[in-house]
>>> print(open('data02.cif').read())   # mmCIF, C-alpha atoms
data_final
#
loop_
_atom_site.label_atom_id
_atom_site.label_comp_id
_atom_site.auth_asym_id
_atom_site.auth_seq_id
_atom_site.Cartn_x
_atom_site.Cartn_y
_atom_site.Cartn_z
CA MET N 75 -4.57 -17.86 -12.63
CA GLU N 76 -1.46 -16.30 -11.09
CA LYS N 77 -1.63 -15.30 -7.46
CA ILE N 78 -1.28 -11.78 -6.10
CA GLY N 79 1.05 -11.33 -3.14
CA LEU N 80 -0.30 -9.20 -0.29
CA PHE N 81 2.38 -8.29 2.25
CA TYR N 82 1.62 -6.22 5.33
CA GLY N 83 2.96 -5.28 8.74
CA SER N 84 1.00 -4.49 11.89
CA ASP N 85 2.16 -3.58 15.39
CA THR N 86 -1.13 -2.84 17.15
CA GLY N 87 -3.42 -5.03 15.05
CA VAL N 88 -5.16 -2.22 13.17
CA THR N 89 -3.36 -2.88 9.86
CA ASP N 90 -4.03 -6.58 10.45
CA ASP N 91 -7.76 -5.80 10.74
CA ILE N 92 -7.67 -3.60 7.62
CA THR N 93 -5.89 -6.40 5.75
CA LYS N 94 -8.61 -8.88 6.75
CA ASP N 95 -11.20 -6.39 5.48
CA PHE N 96 -9.18 -5.99 2.27
CA VAL N 97 -9.17 -9.75 1.66
CA GLU N 98 -12.92 -9.99 2.31
CA ILE N 99 -13.75 -7.05 0.03
CA TRP N 100 -11.35 -8.25 -2.70
CA GLY N 101 -13.54 -11.34 -2.77
CA SER N 102 -11.50 -13.98 -4.57
CA ASP N 103 -8.95 -16.62 -3.75
CA ASP N 104 -6.20 -15.14 -5.92
CA LEU N 105 -4.54 -13.40 -2.92
CA GLU N 106 -1.72 -14.94 -0.92
CA VAL N 107 -1.30 -13.01 2.32
CA MET N 108 1.89 -12.85 4.38
CA GLU N 109 3.13 -10.65 7.18
CA ILE N 110 6.24 -8.80 6.05
CA GLY N 111 7.99 -9.86 9.27
CA ASP N 112 7.89 -13.46 7.98
CA ALA N 113 8.80 -12.61 4.38
CA THR N 114 11.99 -12.88 2.37
CA ILE N 115 13.10 -11.11 -0.80
CA GLU N 116 12.27 -14.31 -2.69
CA ASP N 117 8.71 -14.25 -1.34
CA LEU N 118 8.09 -10.84 -2.91
CA GLU N 119 10.00 -11.60 -6.10
CA GLN N 120 7.73 -14.52 -7.01
CA TYR N 121 4.74 -12.26 -7.75
CA LYS N 122 4.00 -10.10 -10.78
CA VAL N 123 1.38 -8.18 -8.79
CA LEU N 124 1.89 -7.05 -5.19
CA VAL N 125 -0.30 -5.29 -2.65
CA LEU N 126 1.57 -3.76 0.28
CA GLY N 127 0.03 -2.64 3.56
CA LEU N 128 1.60 -0.71 6.43
CA SER N 129 1.20 2.03 8.95
CA THR N 130 3.32 5.11 9.49
CA TRP N 131 4.63 5.62 13.00
CA TYR N 132 5.68 8.75 14.85
CA ASP N 133 7.63 11.20 12.71
CA GLY N 134 7.30 9.36 9.41
CA ASP N 135 8.77 6.00 10.44
CA LEU N 136 7.85 2.72 8.80
CA GLN N 137 5.94 0.12 10.81
CA SER N 138 8.51 -1.95 12.74
CA ASP N 139 8.45 -5.09 10.55
CA TRP N 140 8.72 -2.98 7.41
CA GLU N 141 11.57 -1.04 9.02
CA THR N 142 13.42 -4.31 9.71
CA PHE N 143 12.79 -5.57 6.14
CA PHE N 144 13.53 -2.24 4.44
CA ASP N 145 17.16 -2.94 3.41
CA ASP N 146 16.00 -6.16 1.73
CA PHE N 147 13.04 -4.33 0.17
CA GLN N 148 15.40 -1.80 -1.40
CA ALA N 149 17.34 -4.65 -3.05
CA ILE N 150 14.32 -6.04 -4.94
CA ASP N 151 14.17 -5.55 -8.70
CA PHE N 152 10.58 -4.44 -9.34
CA THR N 153 10.95 -4.42 -13.13
CA ASP N 154 7.70 -5.70 -14.68
CA LYS N 155 5.96 -5.71 -11.29
CA ILE N 156 2.70 -3.91 -10.52
CA VAL N 157 2.28 -2.68 -6.96
CA ALA N 158 -0.62 -1.14 -5.03
CA ILE N 159 -0.12 0.24 -1.51
CA TYR N 160 -2.47 1.04 1.34
CA GLY N 161 -1.35 2.75 4.50
CA LEU N 162 -2.55 4.01 7.82
CA GLY N 163 -1.62 7.22 9.56
CA ASP N 164 -2.85 9.92 11.91
CA GLN N 165 -3.62 13.09 9.96
CA ILE N 166 -4.20 15.16 13.10
CA GLY N 167 -1.53 14.04 15.58
CA TYR N 168 1.14 13.60 12.89
CA ALA N 169 -0.21 15.91 10.20
CA GLU N 170 3.19 16.59 8.62
CA TYR N 171 4.01 12.85 8.33
CA PHE N 172 0.62 11.50 7.28
CA VAL N 173 0.99 8.09 5.58
CA ASP N 174 4.67 8.73 4.78
CA GLY N 175 5.14 4.95 4.69
CA ILE N 176 3.15 4.75 1.45
CA GLY N 177 5.53 7.19 -0.22
CA ILE N 178 8.65 5.54 1.18
CA LEU N 179 7.68 2.16 -0.28
CA ALA N 180 6.29 3.59 -3.55
CA LYS N 181 9.49 5.49 -4.31
CA VAL N 182 11.58 2.33 -3.87
CA VAL N 183 9.25 0.40 -6.18
CA ILE N 184 9.45 3.12 -8.85
CA ASP N 185 13.21 3.63 -8.48
CA ASN N 186 13.68 -0.13 -8.85
CA GLY N 187 11.67 -0.35 -12.08
CA GLY N 188 8.15 -1.12 -10.85
CA LYS N 189 4.78 0.40 -11.64
CA VAL N 190 2.62 1.74 -8.81
CA ILE N 191 -1.16 1.78 -9.30
CA GLY N 192 -3.99 2.88 -7.05
CA TYR N 193 -3.18 6.55 -6.57
CA TRP N 194 -5.64 8.12 -4.16
CA PRO N 195 -6.90 11.74 -3.91
CA THR N 196 -5.78 13.85 -0.94
CA GLU N 197 -9.01 15.83 -0.93
CA GLY N 198 -10.92 15.51 2.32
CA TYR N 199 -7.92 14.84 4.53
CA ARG N 200 -6.58 17.35 7.08
CA HIS N 201 -2.85 16.69 6.90
CA THR N 202 -0.21 19.35 6.29
CA ASP N 203 2.43 17.32 4.43
CA SER N 204 3.31 13.80 3.31
CA VAL N 205 6.11 11.87 1.64
CA ALA N 206 3.28 9.96 -0.06
CA PHE N 207 2.43 12.78 -2.50
CA VAL N 208 2.79 11.62 -6.10
CA ASP N 209 5.77 13.47 -7.58
CA ASP N 210 5.24 16.36 -5.13
CA ASP N 211 1.69 16.74 -6.49
CA GLU N 212 -0.27 17.45 -3.33
CA SER N 213 -3.53 16.31 -4.92
CA GLN N 214 -2.72 12.57 -4.89
CA PHE N 215 -1.14 9.95 -2.64
CA TYR N 216 0.74 6.98 -4.10
CA GLY N 217 -1.88 4.72 -2.48
CA LEU N 218 -4.90 4.49 -0.23
CA ALA N 219 -4.64 6.61 2.91
CA LEU N 220 -6.61 5.49 5.95
CA ASP N 221 -6.84 7.28 9.30
CA ASN N 222 -8.22 4.81 11.80
CA ASP N 223 -7.53 7.23 14.67
CA ASN N 224 -9.73 10.06 13.40
CA GLU N 225 -11.90 8.70 10.55
CA SER N 226 -12.39 4.98 11.13
CA GLN N 227 -16.00 5.36 9.98
CA LEU N 228 -14.67 6.01 6.44
CA ASN N 229 -12.39 2.95 6.24
CA ASP N 230 -14.86 0.51 4.67
CA GLU N 231 -16.08 2.97 2.05
CA ARG N 232 -12.56 4.08 1.14
CA LEU N 233 -11.27 0.52 1.04
CA THR N 234 -14.14 -0.68 -1.15
CA THR N 235 -13.75 2.24 -3.57
CA TRP N 236 -9.99 1.79 -3.72
CA ILE N 237 -10.17 -1.96 -4.33
CA ASP N 238 -12.58 -1.39 -7.25
CA GLN N 239 -10.18 1.22 -8.62
CA VAL N 240 -7.14 -1.07 -8.23
CA LYS N 241 -8.90 -3.97 -9.95
CA LYS N 242 -9.82 -1.74 -12.92
CA GLU N 243 -6.30 -0.29 -13.17
CA LEU N 244 -4.77 -3.73 -12.84
CA ASN N 245 -6.94 -5.11 -15.63
CA THR N 246 -6.05 -2.14 -17.86
CA VAL N 247 -2.31 -2.55 -17.27
CA LEU N 248 -2.40 -6.31 -17.76
CA LEU N 249 -4.47 -6.05 -20.94
CA ALA N 250 -2.08 -3.45 -22.33
CA GLU N 251 0.81 -5.79 -21.62
CA HIS N 252 -1.10 -8.85 -22.89
CA ILE N 253 -0.72 -10.57 -19.53
CA THR N 254 -3.27 -12.58 -17.61
CA ILE N 255 -3.11 -13.44 -13.98
#
>>> encode(input="data02.cif", output="structure tokens")
Amino acid sequence: MEKIGLFYGSDTGVTDDITKDFVEIWGSDDLEVMEIGDATIEDLEQYKVLVLGLSTWYDGDLQSDWETFFDDFQAIDFTDKIVAIYGLGDQIGYAEYFVDGIGILAKVVIDNGGKVIGYWPTEGYRHTDSVAFVDDDESQFYGLALDNDNESQLNDERLTTWIDQVKKELNTVLLAEHITI
């Protein structure tokens, strides 16, 4: 079975904790986890399926390790790659920039030929805007949005639901393309 590459960045440790929860909930040994600060272009290019995790800082900035890696990230050819993204943000304190990082990464993946799966509904959040809206459709984010600052009690439920959704979508895409991982 092919491995899935999970790349994440964490400044305060919250995304690190969410990533540990992700790995536990995912429940198999097909994930290879690496902090984006230690990654190279080649590390990401070796996987057909990628999961990306990050937080959005301040006024829509990428987490610091993702910010440092971003020029390299933009150079990756995502053709034939399947990518799911989860992100953290503060929907109250930074309502107009909520989980912008998800959208920033998703748009690069799409522009560079990749397929993003795991869209997540915006219903129930209290943000005012986001770069993470799917094609300016304010009803969906490009990936899972978590707000550990204001709704940490919902993290486990949202993560579990999203992982089930991603697994189903991944199986559908791979079956359609006659690929096994």
>>> closest_residue(input="data02.cif", among="N:Leu218, N:Val88, N:Leu118, N:Ile78", to="Asp103 in chain N", atoms="all atoms listed in the file")
N:Ile78
>>> residues_around(input="data02.cif", residues="Trp236 in chain N", least_positions_apart="6", cutoff="9 Å", atoms="all atoms listed in the file", output="list in words")
Gly192, Tyr193, Trp194, Gly217 and Leu218 of chain N
>>> residues_around(input="data02.cif", residues="Glu106 in chain N", least_positions_apart="2", cutoff="7 Å", atoms="all atoms listed in the file", output="MDAnalysis selection string")
chainID N and resid 77:80 104 108
>>> write_last_selection(input="data02.cif", atoms="C-alpha atoms", output="PDB file, keeping the file's coordinate frame")
ATOM      1  CA  LYS N  77      -1.630 -15.300  -7.460  1.00  0.00           C
ATOM      2  CA  ILE N  78      -1.280 -11.780  -6.100  1.00  0.00           C
ATOM      3  CA  GLY N  79       1.050 -11.330  -3.140  1.00  0.00           C
ATOM      4  CA  LEU N  80      -0.300  -9.200  -0.290  1.00  0.00           C
ATOM      5  CA  ASP N 104      -6.200 -15.140  -5.920  1.00  0.00           C
ATOM      6  CA  MET N 108       1.890 -12.850   4.380  1.00  0.00           C
TER       7      MET N 108
END
>>> closest_residue(input="data02.cif", among="N:Ser204, N:Asn186, N:Thr142, N:Thr196", to="Ala113 in chain N", atoms="only C-alpha atoms")
N:Thr142
>>> resolve_selection(input="data02.cif", expression="the PyMOL selection byres ((chain N and resi 191) around 10)", output="ChimeraX atom specification")
/N:125,156-159,180,188-190,192-194,216-217,239-241,243-244,247
